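Pasted below: upload-v6.pdb, PDB, C-alpha atoms, pLDDT in the B column.
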ATOM      1  CA  MET A   1     -24.732   4.330   4.786  1.00 47.00           C
ATOM      2  CA  ALA A   2     -23.105   4.263   1.352  1.00 51.00           C
ATOM      3  CA  SER A   3     -20.120   6.458   0.614  1.00 62.00           C
ATOM      4  CA  SER A   4     -17.809   7.127  -2.298  1.00 76.00           C
ATOM      5  CA  MET A   5     -14.822   7.126   0.083  1.00 82.00           C
ATOM      6  CA  THR A   6     -12.195   4.552  -0.815  1.00 88.00           C
ATOM      7  CA  PHE A   7     -10.186   2.557   1.695  1.00 91.00           C
ATOM      8  CA  GLU A   8      -7.130   4.605   0.715  1.00 91.00           C
ATOM      9  CA  GLN A   9      -8.945   7.880   1.454  1.00 90.00           C
ATOM     10  CA  PHE A  10     -10.208   6.444   4.737  1.00 90.00           C
ATOM     11  CA  LEU A  11      -6.626   5.614   5.756  1.00 89.00           C
ATOM     12  CA  ALA A  12      -5.496   9.118   4.737  1.00 89.00           C
ATOM     13  CA  SER A  13      -8.244  10.706   6.847  1.00 88.00           C
ATOM     14  CA  ARG A  14      -6.861   8.988   9.944  1.00 83.00           C
ATOM     15  CA  ARG A  15      -3.493  10.751   9.861  1.00 80.00           C
ATOM     16  CA  ASN A  16      -1.899  14.150   9.445  1.00 79.00           C
ATOM     17  CA  PRO A  17      -0.610  15.070   5.988  1.00 80.00           C
ATOM     18  CA  VAL A  18       2.884  13.764   5.285  1.00 78.00           C
ATOM     19  CA  SER A  19       5.686  15.285   3.250  1.00 79.00           C
ATOM     20  CA  ILE A  20       8.424  12.948   1.999  1.00 76.00           C
ATOM     21  CA  THR A  21      11.835  14.453   1.343  1.00 69.00           C
ATOM     22  CA  ARG A  22      14.802  12.428   0.243  1.00 64.00           C
ATOM     23  CA  THR A  23      17.283  12.829   3.123  1.00 57.00           C
ATOM     24  CA  VAL A  24      19.199   9.554   3.026  1.00 54.00           C
ATOM     25  CA  ARG A  25      22.168   9.077   0.733  1.00 56.00           C
ATOM     26  CA  ASN A  26      21.191   6.889  -2.119  1.00 56.00           C
ATOM     27  CA  PRO A  27      23.493   4.430  -3.887  1.00 56.00           C
ATOM     28  CA  HIS A  28      22.497   5.946  -7.247  1.00 52.00           C
ATOM     29  CA  GLN A  29      23.017   9.578  -6.253  1.00 52.00           C
ATOM     30  CA  TYR A  30      25.434  10.232  -9.116  1.00 59.00           C
ATOM     31  CA  ALA A  31      22.622  10.075 -11.682  1.00 61.00           C
ATOM     32  CA  ASP A  32      20.535  13.235 -11.944  1.00 72.00           C
ATOM     33  CA  GLU A  33      17.921  11.484 -14.065  1.00 79.00           C
ATOM     34  CA  PHE A  34      17.600   8.744 -11.470  1.00 82.00           C
ATOM     35  CA  LEU A  35      17.121  11.308  -8.702  1.00 83.00           C
ATOM     36  CA  GLU A  36      14.415  13.080 -10.665  1.00 86.00           C
ATOM     37  CA  GLU A  37      12.638   9.764 -11.180  1.00 90.00           C
ATOM     38  CA  LEU A  38      13.040   8.859  -7.499  1.00 91.00           C
ATOM     39  CA  ASP A  39      11.601  12.222  -6.414  1.00 91.00           C
ATOM     40  CA  GLN A  40       8.686  11.768  -8.823  1.00 95.00           C
ATOM     41  CA  HIS A  41       7.863   8.350  -7.338  1.00 95.00           C
ATOM     42  CA  LEU A  42       8.272   9.614  -3.772  1.00 94.00           C
ATOM     43  CA  GLN A  43       5.766  12.351  -4.661  1.00 95.00           C
ATOM     44  CA  THR A  44       3.354   9.668  -5.903  1.00 97.00           C
ATOM     45  CA  VAL A  45       3.703   7.816  -2.592  1.00 94.00           C
ATOM     46  CA  GLU A  46       3.245  11.058  -0.637  1.00 93.00           C
ATOM     47  CA  ASP A  47       0.094  11.872  -2.619  1.00 95.00           C
ATOM     48  CA  TRP A  48      -1.247   8.328  -2.045  1.00 95.00           C
ATOM     49  CA  ILE A  49      -0.641   8.556   1.700  1.00 92.00           C
ATOM     50  CA  ASN A  50      -2.444  11.894   1.762  1.00 92.00           C
ATOM     51  CA  GLY A  51      -5.465  10.470  -0.101  1.00 93.00           C
ATOM     52  CA  ASP A  52      -4.802  11.675  -3.658  1.00 94.00           C
ATOM     53  CA  ILE A  53      -4.974   8.276  -5.364  1.00 95.00           C
ATOM     54  CA  ASP A  54      -3.535   7.690  -8.832  1.00 97.00           C
ATOM     55  CA  GLU A  55      -3.424   3.951  -9.542  1.00 97.00           C
ATOM     56  CA  GLU A  56      -1.312   4.151 -12.702  1.00 97.00           C
ATOM     57  CA  GLN A  57       1.325   6.370 -11.102  1.00 98.00           C
ATOM     58  CA  MET A  58       1.419   4.074  -8.065  1.00 97.00           C
ATOM     59  CA  ARG A  59       1.892   1.042 -10.321  1.00 97.00           C
ATOM     60  CA  GLU A  60       4.865   2.833 -11.911  1.00 97.00           C
ATOM     61  CA  ALA A  61       6.246   3.721  -8.464  1.00 97.00           C
ATOM     62  CA  MET A  62       5.888   0.121  -7.262  1.00 96.00           C
ATOM     63  CA  GLU A  63       7.706  -1.144 -10.366  1.00 95.00           C
ATOM     64  CA  PHE A  64      10.441   1.480  -9.893  1.00 95.00           C
ATOM     65  CA  PHE A  65      11.068   0.613  -6.243  1.00 94.00           C
ATOM     66  CA  ALA A  66      10.975  -3.132  -6.962  1.00 92.00           C
ATOM     67  CA  GLU A  67      13.488  -2.758  -9.785  1.00 91.00           C
ATOM     68  CA  HIS A  68      15.928  -0.372  -8.107  1.00 90.00           C
ATOM     69  CA  PHE A  69      15.580  -1.214  -4.425  1.00 88.00           C
ATOM     70  CA  GLY A  70      14.694  -4.907  -4.476  1.00 83.00           C
ATOM     71  CA  ALA A  71      13.168  -6.118  -1.234  1.00 82.00           C
ATOM     72  CA  SER A  72      13.695  -2.826   0.619  1.00 85.00           C
ATOM     73  CA  TYR A  73      10.009  -2.002   0.787  1.00 90.00           C
ATOM     74  CA  GLN A  74       8.305  -5.385   0.553  1.00 91.00           C
ATOM     75  CA  ALA A  75       5.560  -6.225   2.999  1.00 91.00           C
ATOM     76  CA  THR A  76       6.642  -8.315   5.983  1.00 90.00           C
ATOM     77  CA  PRO A  77       6.455 -12.027   5.020  1.00 93.00           C
ATOM     78  CA  ARG A  78       3.950 -14.296   6.805  1.00 94.00           C
ATOM     79  CA  ARG A  79       1.990 -11.368   8.265  1.00 94.00           C
ATOM     80  CA  ALA A  80      -1.682 -10.966   7.513  1.00 96.00           C
ATOM     81  CA  VAL A  81      -2.843  -7.844   5.669  1.00 96.00           C
ATOM     82  CA  PHE A  82      -6.451  -6.674   5.443  1.00 96.00           C
ATOM     83  CA  ARG A  83      -8.603  -4.518   3.185  1.00 95.00           C
ATOM     84  CA  GLY A  84     -12.203  -3.390   3.497  1.00 92.00           C
ATOM     85  CA  GLN A  85     -14.177  -2.870   0.300  1.00 90.00           C
ATOM     86  CA  LEU A  86     -17.712  -2.819  -1.045  1.00 88.00           C
ATOM     87  CA  LYS A  87     -17.501  -5.366  -3.869  1.00 87.00           C
ATOM     88  CA  LYS A  88     -15.481  -8.458  -4.669  1.00 87.00           C
ATOM     89  CA  VAL A  89     -13.523  -6.656  -7.373  1.00 88.00           C
ATOM     90  CA  PHE A  90     -10.023  -7.934  -8.060  1.00 93.00           C
ATOM     91  CA  ASP A  91      -8.667  -6.055 -11.070  1.00 95.00           C
ATOM     92  CA  GLY A  92      -4.958  -6.289 -10.222  1.00 95.00           C
ATOM     93  CA  SER A  93      -4.612  -2.551  -9.608  1.00 97.00           C
ATOM     94  CA  PRO A  94      -2.577  -1.136  -6.698  1.00 98.00           C
ATOM     95  CA  ARG A  95      -4.619  -1.072  -3.498  1.00 97.00           C
ATOM     96  CA  SER A  96      -4.000  -0.298   0.160  1.00 96.00           C
ATOM     97  CA  TYR A  97      -4.082  -3.017   2.764  1.00 96.00           C
ATOM     98  CA  SER A  98      -3.467  -2.673   6.491  1.00 95.00           C
ATOM     99  CA  TYR A  99      -1.654  -4.862   8.986  1.00 95.00           C
ATOM    100  CA  ASP A 100      -4.446  -3.940  11.429  1.00 93.00           C
ATOM    101  CA  PRO A 101      -7.686  -5.914  10.831  1.00 94.00           C
ATOM    102  CA  LYS A 102      -9.705  -3.467  12.949  1.00 93.00           C
ATOM    103  CA  ILE A 103      -9.040  -0.666  10.468  1.00 92.00           C
ATOM    104  CA  ALA A 104     -10.381  -2.730   7.550  1.00 92.00           C
ATOM    105  CA  GLU A 105     -13.387  -3.897   9.565  1.00 91.00           C
ATOM    106  CA  LYS A 106     -14.211  -0.365  10.746  1.00 89.00           C
ATOM    107  CA  PHE A 107     -14.069   0.932   7.193  1.00 89.00           C
ATOM    108  CA  ALA A 108     -16.256  -1.851   5.779  1.00 86.00           C
ATOM    109  CA  GLN A 109     -18.839  -1.607   8.560  1.00 83.00           C
ATOM    110  CA  THR A 110     -18.959   2.189   8.676  1.00 81.00           C
ATOM    111  CA  PHE A 111     -19.359   2.871   4.976  1.00 76.00           C
ATOM    112  CA  PHE A 112     -20.925  -0.262   3.542  1.00 74.00           C
ATOM    113  CA  ALA A 113     -23.864  -2.252   4.878  1.00 75.00           C
ATOM    114  CA  ASN A 114     -22.686  -5.303   2.920  1.00 79.00           C
ATOM    115  CA  GLY A 115     -18.948  -4.742   2.776  1.00 85.00           C
ATOM    116  CA  PHE A 116     -16.213  -7.365   2.539  1.00 89.00           C
ATOM    117  CA  ILE A 117     -12.898  -7.901   4.246  1.00 93.00           C
ATOM    118  CA  ILE A 118     -10.019  -9.364   2.278  1.00 94.00           C
ATOM    119  CA  GLU A 119      -7.342 -11.101   4.316  1.00 95.00           C
ATOM    120  CA  ARG A 120      -4.089 -12.193   2.725  1.00 95.00           C
ATOM    121  CA  ILE A 121      -0.964 -13.726   4.185  1.00 95.00           C
ATOM    122  CA  VAL A 122       2.115 -11.997   2.800  1.00 95.00           C
ATOM    123  CA  CYS A 123       4.107 -14.467   0.728  1.00 94.00           C
ATOM    124  CA  PHE A 124       6.468 -14.372  -2.204  1.00 92.00           C
ATOM    125  CA  GLU A 125       6.398 -18.039  -3.241  1.00 93.00           C
ATOM    126  CA  CYS A 126       2.772 -19.109  -2.544  1.00 93.00           C
ATOM    127  CA  PRO A 127      -0.196 -19.238  -4.976  1.00 93.00           C
ATOM    128  CA  ASP A 128      -1.099 -15.634  -3.961  1.00 92.00           C
ATOM    129  CA  ARG A 129       2.391 -14.281  -4.753  1.00 93.00           C
ATOM    130  CA  ALA A 130       1.283 -12.100  -7.691  1.00 95.00           C
ATOM    131  CA  ALA A 131      -0.438  -9.754  -5.236  1.00 95.00           C
ATOM    132  CA  PHE A 132       2.842  -9.061  -3.442  1.00 95.00           C
ATOM    133  CA  ARG A 133       5.110  -8.573  -6.447  1.00 92.00           C
ATOM    134  CA  GLY A 134       6.522  -5.089  -5.941  1.00 92.00           C
ATOM    135  CA  SER A 135       4.545  -4.428  -2.758  1.00 95.00           C
ATOM    136  CA  LEU A 136       5.329  -1.215  -0.887  1.00 95.00           C
ATOM    137  CA  ASP A 137       5.336  -1.270   2.899  1.00 93.00           C
ATOM    138  CA  LEU A 138       4.768   2.439   3.462  1.00 91.00           C
ATOM    139  CA  GLY A 139       6.054   2.327   7.056  1.00 88.00           C
ATOM    140  CA  LYS A 140       9.435   1.040   5.831  1.00 88.00           C
ATOM    141  CA  LEU A 141       9.543   3.553   2.992  1.00 89.00           C
ATOM    142  CA  LEU A 142       8.744   6.466   5.313  1.00 86.00           C
ATOM    143  CA  LYS A 143      11.360   5.294   7.788  1.00 84.00           C
ATOM    144  CA  ARG A 144      13.953   5.285   5.006  1.00 85.00           C
ATOM    145  CA  TYR A 145      13.108   8.743   3.662  1.00 83.00           C
ATOM    146  CA  MET A 146      11.900  10.541   6.777  1.00 79.00           C
ATOM    147  CA  GLY A 147      14.289   8.934   9.246  1.00 69.00           C
ATOM    148  CA  HIS A 148      11.540   7.436  11.419  1.00 62.00           C
ATOM    149  CA  LYS A 149       8.393   5.388  11.114  1.00 56.00           C
ATOM    150  CA  TYR A 150       5.513   7.807  10.618  1.00 53.00           C
ATOM    151  CA  GLY A 151       3.109   7.505  13.527  1.00 50.00           C
ATOM    152  CA  PHE A 152       0.959   4.401  13.375  1.00 59.00           C
ATOM    153  CA  GLU A 153       1.682   3.772   9.687  1.00 71.00           C
ATOM    154  CA  ASN A 154       0.811   0.175   8.862  1.00 87.00           C
ATOM    155  CA  GLU A 155      -0.359   0.522   5.286  1.00 92.00           C
ATOM    156  CA  VAL A 156       0.908  -1.744   2.530  1.00 95.00           C
ATOM    157  CA  VAL A 157       0.206  -1.169  -1.156  1.00 97.00           C
ATOM    158  CA  LEU A 158      -0.087  -4.357  -3.195  1.00 96.00           C
ATOM    159  CA  TYR A 159      -1.844  -5.594  -6.306  1.00 97.00           C
ATOM    160  CA  ASN A 160      -5.503  -6.436  -5.751  1.00 94.00           C
ATOM    161  CA  THR A 161      -5.413  -9.708  -7.676  1.00 95.00           C
ATOM    162  CA  PRO A 162      -7.971 -12.502  -7.151  1.00 93.00           C
ATOM    163  CA  PRO A 163      -7.125 -14.142  -3.786  1.00 90.00           C
ATOM    164  CA  LYS A 164      -5.572 -17.599  -3.978  1.00 89.00           C
ATOM    165  CA  GLY A 165      -4.212 -20.094  -1.482  1.00 82.00           C
ATOM    166  CA  ASP A 166      -4.610 -18.905   2.118  1.00 80.00           C
ATOM    167  CA  ALA A 167      -6.318 -15.622   1.187  1.00 84.00           C
ATOM    168  CA  GLU A 168      -9.880 -15.119   2.419  1.00 87.00           C
ATOM    169  CA  VAL A 169     -12.768 -12.885   1.497  1.00 87.00           C
ATOM    170  CA  TYR A 170     -15.542 -12.615   4.061  1.00 84.00           C
ATOM    171  CA  ALA A 171     -18.440 -10.355   4.986  1.00 83.00           C
ATOM    172  CA  ALA A 172     -17.662  -7.518   7.354  1.00 76.00           C
TER     173      ALA A 172
END
Step by step, read the file and then write its structure as structure tokens.
Amino acid sequence: MASSMTFEQFLASRRNPVSITRTVRNPHQYADEFLEELDQHLQTVEDWINGDIDEEQMREAMEFFAEHFGASYQATPRRAVFRGQLKKVFDGSPRSYSYDPKIAEKFAQTFFANGFIIERIVCFECPDRAAFRGSLDLGKLLKRYMGHKYGFENEVVLYNTPPKGDAEVYAA
């Protein structure tokens, strides 16, 4: 049963639409230009969560949050993250991963007869570190800007680089 649905769209279909509004005082609040840029990147994240995927805008958002907020939204170190996909394509673009392996497995098995699961261990100093440079833990980001963790949110956006070290790619 082939489908053109991406893993990101599959994750979006599992939740209600989200609206992110900046409600927390920000250390850079004095700068109107900074606030406009922050709102633009929050809109990119909101669109991504809701299934409207723009890889280039997400790359810019990841770089923005990494530069201005440091480790605030990094994935939790030493936890495994998982992604279901059809092909072993590792182009370095932003991609969604989940802390829940069942979500990745369900996606790969439901939509692809010969799908793959990618498992990575979150690290910032290991051979696979390039994947986690600027990673966005969407649960942490939503908690910061919405005041609470949004439902069962366990999605992490990272760079889909070729797995190295402890990372694994296996058939679903």
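If you apply the PyMOL selection byres ((chain A and resi 12) around 10) to this structure, you end up with Thr6, Phe7, Glu8, Gln9, Phe10, Leu11, Ser13, Arg14, Arg15, Asn16, Pro17, Val18, Asp47, Trp48, Ile49, Asn50, Gly51 and Asp52 of chain A.
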- Task: Could you tell me which residues the PyMOL selection byres ((chain A and resi 79) around 12) grabs in this file, written as a ChimeraX atom specification?
- Result: /A:74-78,80-82,97-101,119-124,132,137,154,156,166-167
Pro162 in chain A environment, 10 Å, all atoms listed in the file, sequence neighbours closer than 4 positions dropped, as a PDB file with C-alpha atoms, in the coordinates of the input:
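Contents of the output file selection.pdb:
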ATOM      1  CA  LYS A  88     -15.481  -8.458  -4.669  1.00 87.00           C
ATOM      2  CA  VAL A  89     -13.523  -6.656  -7.373  1.00 88.00           C
ATOM      3  CA  PHE A  90     -10.023  -7.934  -8.060  1.00 93.00           C
ATOM      4  CA  ASP A  91      -8.667  -6.055 -11.070  1.00 95.00           C
ATOM      5  CA  GLY A  92      -4.958  -6.289 -10.222  1.00 95.00           C
ATOM      6  CA  ASP A 128      -1.099 -15.634  -3.961  1.00 92.00           C
ATOM      7  CA  ALA A 130       1.283 -12.100  -7.691  1.00 95.00           C
ATOM      8  CA  ALA A 131      -0.438  -9.754  -5.236  1.00 95.00           C
ATOM      9  CA  ALA A 167      -6.318 -15.622   1.187  1.00 84.00           C
ATOM     10  CA  VAL A 169     -12.768 -12.885   1.497  1.00 87.00           C
TER      11      VAL A 169
END
- Message: For a test of reading the model, state the distance in Å between CA of Phe64 in chain A and CA of Met146 in chain A, rounded to one decimal.
- Response: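 Separation between CA of Phe64 in chain A and CA of Met146 in chain A: 19.0 Å.
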- In Å to one decimal, how far is CA of Glu60 in chain A from CA of Ser72 in chain A?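 Taking CA of Ser72 in chain A as the start and CA of Glu60 in chain A as the end point, the length is 16.3 Å.
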- Item | Pick from A:His41, A:Ala172, A:Phe34, A:Lys87, whichever lies nearest to Lys102 in chain A using all atoms listed in the file |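 Closest to Lys102 in chain A of all the choices is A:Ala172.
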- Could you jot down the CA of Cys126 in chain A to CA of Gly165 in chain A separation for me, Å, one decimal place? 7.1 Å
